[in-house]
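J.: The structure file input-v2.txt (compact mmCIF, C-alpha atoms and all ligand atoms) is provided below.
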```
# COMPACT_ATOMS: atom_id res chain seq x y z
CA MET A 26 -24.29 5.93 13.03
CA THR A 27 -24.11 9.33 14.62
CA LYS A 28 -22.78 10.78 17.80
CA ALA A 29 -25.48 11.52 20.36
CA ARG A 30 -24.28 15.05 21.00
CA GLU A 31 -24.36 15.86 17.28
CA TYR A 32 -27.90 14.57 17.15
CA LEU A 33 -28.87 16.75 20.12
CA ILE A 34 -27.20 19.80 18.58
CA GLU A 35 -29.15 19.16 15.40
CA LYS A 36 -32.36 19.03 17.43
CA GLY A 37 -31.44 22.30 19.17
CA ILE A 38 -31.34 20.71 22.61
CA VAL A 39 -27.63 21.01 23.19
CA GLU A 40 -25.47 23.94 22.15
CA ALA A 41 -22.70 23.26 19.70
CA GLY A 42 -19.37 22.93 21.44
CA SER A 43 -20.92 22.16 24.83
CA ARG A 44 -19.36 19.54 27.04
CA GLY A 45 -20.11 17.67 30.22
CA ARG A 46 -23.17 15.80 31.42
CA LEU A 47 -26.27 15.80 29.32
CA SER A 48 -29.28 17.57 30.76
CA LEU A 49 -32.34 15.55 31.67
CA GLU A 50 -34.06 16.96 28.62
CA ALA A 51 -31.16 15.84 26.45
CA GLN A 52 -31.16 12.38 28.03
CA LEU A 53 -34.89 12.06 27.51
CA THR A 54 -34.52 13.10 23.88
CA LEU A 55 -31.81 10.48 23.38
CA LYS A 56 -33.91 7.86 25.12
CA LEU A 57 -36.86 8.54 22.84
CA ALA A 58 -34.61 8.54 19.79
CA ILE A 59 -33.05 5.22 20.75
CA LEU A 60 -36.50 3.76 21.41
CA GLU A 61 -37.51 4.96 17.98
CA GLY A 62 -34.59 3.06 16.51
CA VAL A 63 -31.92 5.73 16.14
CA ARG A 64 -28.48 4.26 16.77
CA PHE A 65 -25.67 6.28 18.28
CA ASP A 66 -21.97 5.57 18.31
CA ASP A 67 -21.47 6.65 21.86
CA TYR A 68 -24.77 6.40 23.74
CA ASN A 69 -27.19 3.59 24.27
CA LEU A 70 -29.97 2.58 26.58
CA VAL A 71 -28.81 0.32 29.38
CA ASP A 72 -31.48 -0.87 31.81
CA GLY A 73 -33.73 1.99 30.69
CA LYS A 74 -31.05 4.62 31.27
CA VAL A 75 -29.22 6.63 28.64
CA THR A 76 -25.62 5.51 29.10
CA LYS A 77 -22.42 6.68 27.51
CA MET A 78 -20.71 3.76 25.88
CA ASP A 79 -17.02 3.28 25.57
CA VAL A 80 -16.19 3.80 21.95
CA PRO A 81 -13.41 1.36 21.11
CA ALA A 82 -10.30 3.03 19.84
CA PRO A 83 -9.49 2.23 16.25
CA VAL A 84 -7.38 -0.88 16.04
CA LYS A 85 -3.81 -0.19 15.14
CA LEU A 86 -2.21 -2.65 12.81
CA LYS A 87 0.97 -4.10 14.17
CA ALA A 88 3.93 -4.56 11.94
CA VAL A 89 4.68 -8.25 11.82
CA LYS A 90 8.21 -9.37 11.42
CA THR A 91 8.72 -12.17 9.00
CA LYS A 92 11.78 -14.12 8.11
CA SER A 93 13.56 -12.62 5.17
CA SER A 94 13.28 -15.85 3.19
CA VAL A 95 9.50 -15.46 3.22
CA MET A 96 9.73 -11.95 1.90
CA GLN A 97 11.91 -12.81 -1.05
CA ALA A 98 10.18 -13.71 -4.24
CA PRO A 99 10.84 -17.33 -5.19
CA VAL A 100 11.90 -16.25 -8.66
CA ALA A 101 14.58 -13.99 -7.30
CA MET A 102 15.83 -16.74 -5.01
CA GLY A 103 16.35 -19.16 -7.87
CA ARG A 104 18.04 -16.64 -10.09
CA LYS A 105 21.75 -17.05 -10.32
CA PRO A 106 23.84 -15.04 -12.73
CA VAL A 107 24.62 -16.98 -15.88
CA ARG A 108 27.81 -15.03 -16.50
CA ASP A 109 29.89 -12.55 -14.61
CA LYS A 110 29.78 -10.01 -17.42
CA THR A 111 27.17 -7.35 -16.88
CA GLN A 112 27.26 -5.33 -20.09
CA MET A 113 27.74 -5.67 -23.81
CA ARG A 114 29.69 -3.08 -25.67
CA ILE A 115 29.32 -2.64 -29.41
CA VAL A 116 31.49 -0.37 -31.47
CA ASP A 117 30.39 0.27 -35.03
CA LYS A 118 32.55 1.13 -37.99
CA GLN A 119 32.09 4.85 -37.35
CA GLY A 120 33.61 4.30 -33.95
CA ILE A 121 30.35 4.92 -32.09
CA SER A 122 30.30 2.87 -28.92
CA THR A 123 27.07 1.55 -27.45
CA THR A 124 26.93 -0.11 -24.07
CA LEU A 125 23.90 -2.15 -23.00
CA ASP A 126 23.28 -3.93 -19.73
CA TYR A 127 20.55 -6.13 -21.22
CA HIS A 128 20.30 -8.48 -24.15
CA PRO A 129 17.88 -6.88 -26.64
CA ASP A 130 16.80 -10.25 -28.12
CA CYS A 131 15.38 -11.60 -24.88
CA GLY A 132 15.15 -8.50 -22.71
CA GLN A 133 17.11 -10.13 -19.89
CA SER A 134 20.01 -8.46 -18.21
CA ILE A 135 23.36 -9.57 -19.56
CA GLN A 136 24.16 -11.38 -16.34
CA PHE A 137 20.93 -13.42 -16.36
CA CYS A 138 20.32 -13.89 -20.08
CA ARG A 139 20.40 -17.62 -20.91
CA CYS A 140 20.82 -17.24 -24.64
CA THR A 141 23.68 -19.37 -25.88
CA SER A 142 24.94 -16.76 -28.28
CA LEU A 143 24.93 -13.11 -27.51
CA ASN A 144 25.00 -10.87 -30.52
CA ALA A 145 24.92 -7.19 -31.09
CA PRO A 146 21.39 -5.85 -31.48
CA SER A 147 20.17 -5.73 -35.06
CA TRP A 148 19.73 -1.97 -35.05
CA ILE A 149 23.46 -1.52 -34.89
CA ILE A 150 24.76 -2.00 -38.40
CA ASP A 151 28.40 -2.37 -39.37
CA VAL A 152 29.53 -3.82 -36.09
CA GLU A 153 33.24 -3.34 -35.75
CA LYS A 154 33.68 -4.72 -32.28
CA PHE A 155 31.44 -6.65 -29.90
CA GLU A 156 32.43 -7.65 -26.41
CA LEU A 157 31.00 -8.52 -23.06
CA ILE A 158 32.42 -6.48 -20.24
ZN ZN B 201 19.39 -13.22 -24.16
```
Please rewrite the model in this file as structure tokens.
Ligand SMILES: [Zn+2]

T.:
Amino acid sequence: MTKAREYLIEKGIVEAGSRGRLSLEAQLTLKLAILEGVRFDDYNLVDGKVTKMDVPAPVKLKAVKTKSSVMQAPVAMGRKPVRDKTQMRIVDKQGISTTLDYHPDCGQSIQFCRCTSLNAPSWIIDVEKFELI
């Protein structure tokens, strides 16, 4: 689909940047083009006359309000913290303290991890102290 005026400019019938009513020559050119099967966005033949058509404005999408319960993922809704502790702290025998907010064995956060026993991750050797905080 092309705009009629662009087509006419291409054919050298209308000057680029021109506005206003189309000349009879331009209208005749459009009429012949339409009869030959050229389709224009903005002009068409109505009752044998070249007529400017209303080009519909692009449809704007409206933001639709939804209830917040619809927006929440069902998984998140069903998730309740298993414990009120949010971190594990491990101190090794050298006194190096490591704090994690997830359980390395299952990858869940400390609060949501359902493992019955929480242990220090295996990469920490010589655990001196392990606590949930
Ligand atoms: Zn776990």

J.: Using all atoms listed in the file, tabulate the residues of chain A lying at most 8 Å from any atom of ligand ZN 201 (chain B), each with its closest atom pair and that distance in Å to one decimal, by chain and increasing residue number, as a tab-separated table.

T.:
```
residue	atom	partner	partner_atom	distance
A:Tyr127	CA	B:ZN201	ZN	7.8
A:His128	CA	B:ZN201	ZN	4.8
A:Pro129	CA	B:ZN201	ZN	7.0
A:Asp130	CA	B:ZN201	ZN	5.6
A:Cys131	CA	B:ZN201	ZN	4.4
A:Gly132	CA	B:ZN201	ZN	6.5
A:Gln133	CA	B:ZN201	ZN	5.7
A:Ser134	CA	B:ZN201	ZN	7.6
A:Ile135	CA	B:ZN201	ZN	7.1
A:Phe137	CA	B:ZN201	ZN	8.0
A:Cys138	CA	B:ZN201	ZN	4.2
A:Arg139	CA	B:ZN201	ZN	5.6
A:Cys140	CA	B:ZN201	ZN	4.3
A:Thr141	CA	B:ZN201	ZN	7.7
A:Ser142	CA	B:ZN201	ZN	7.8
A:Leu143	CA	B:ZN201	ZN	6.5
```

J.: Within 7 Å of region 105-122 of chain A, counting all atoms listed in the file, which residues show up once you throw out same-chain ones fewer than 4 positions away? Write them as a PyMOL selection string, please.

T.: chain A and resi 126-127+135-139+145+150-158

J.: For CA of Ala51 (chain A) and CA of Arg30 (chain A), quote the distance in Å rounded to one decimal.

T.: 8.8 Å

J.: Hey, can you check how far CA of Asp72 (chain A) sits from CA of Leu49 (chain A)?

T.: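 Result for CA of Asp72 (chain A) versus CA of Leu49 (chain A): 16.4 Å, one decimal.
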
J.: Write out as a list of chain:residue names which residues come within 12 Å of Val71 (chain A) when counting only C-alpha atoms, dropping same-chain ones fewer than 4 positions away.

T.: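 Once the adjacent positions are removed, what remains is A:Lys56, A:Ile59, A:Leu60, A:Val75, A:Thr76, A:Lys77, A:Met78.
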
J.: Can you work out which one of A:Thr54, A:Asn69, A:Thr123, A:Asn144 has the shortest atom-to-atom distance to Ile38 (chain A), counting only C-alpha atoms?

T.: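 Of the candidates, the smallest distance to Ile38 (chain A) is held by A:Thr54.
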
J.: To one decimal in Å, tell me the separation between CA of Ser43 (chain A) and CA of Glu31 (chain A).

T.: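 Computing the Euclidean distance for CA of Ser43 (chain A) and CA of Glu31 (chain A) yields 10.4 Å.
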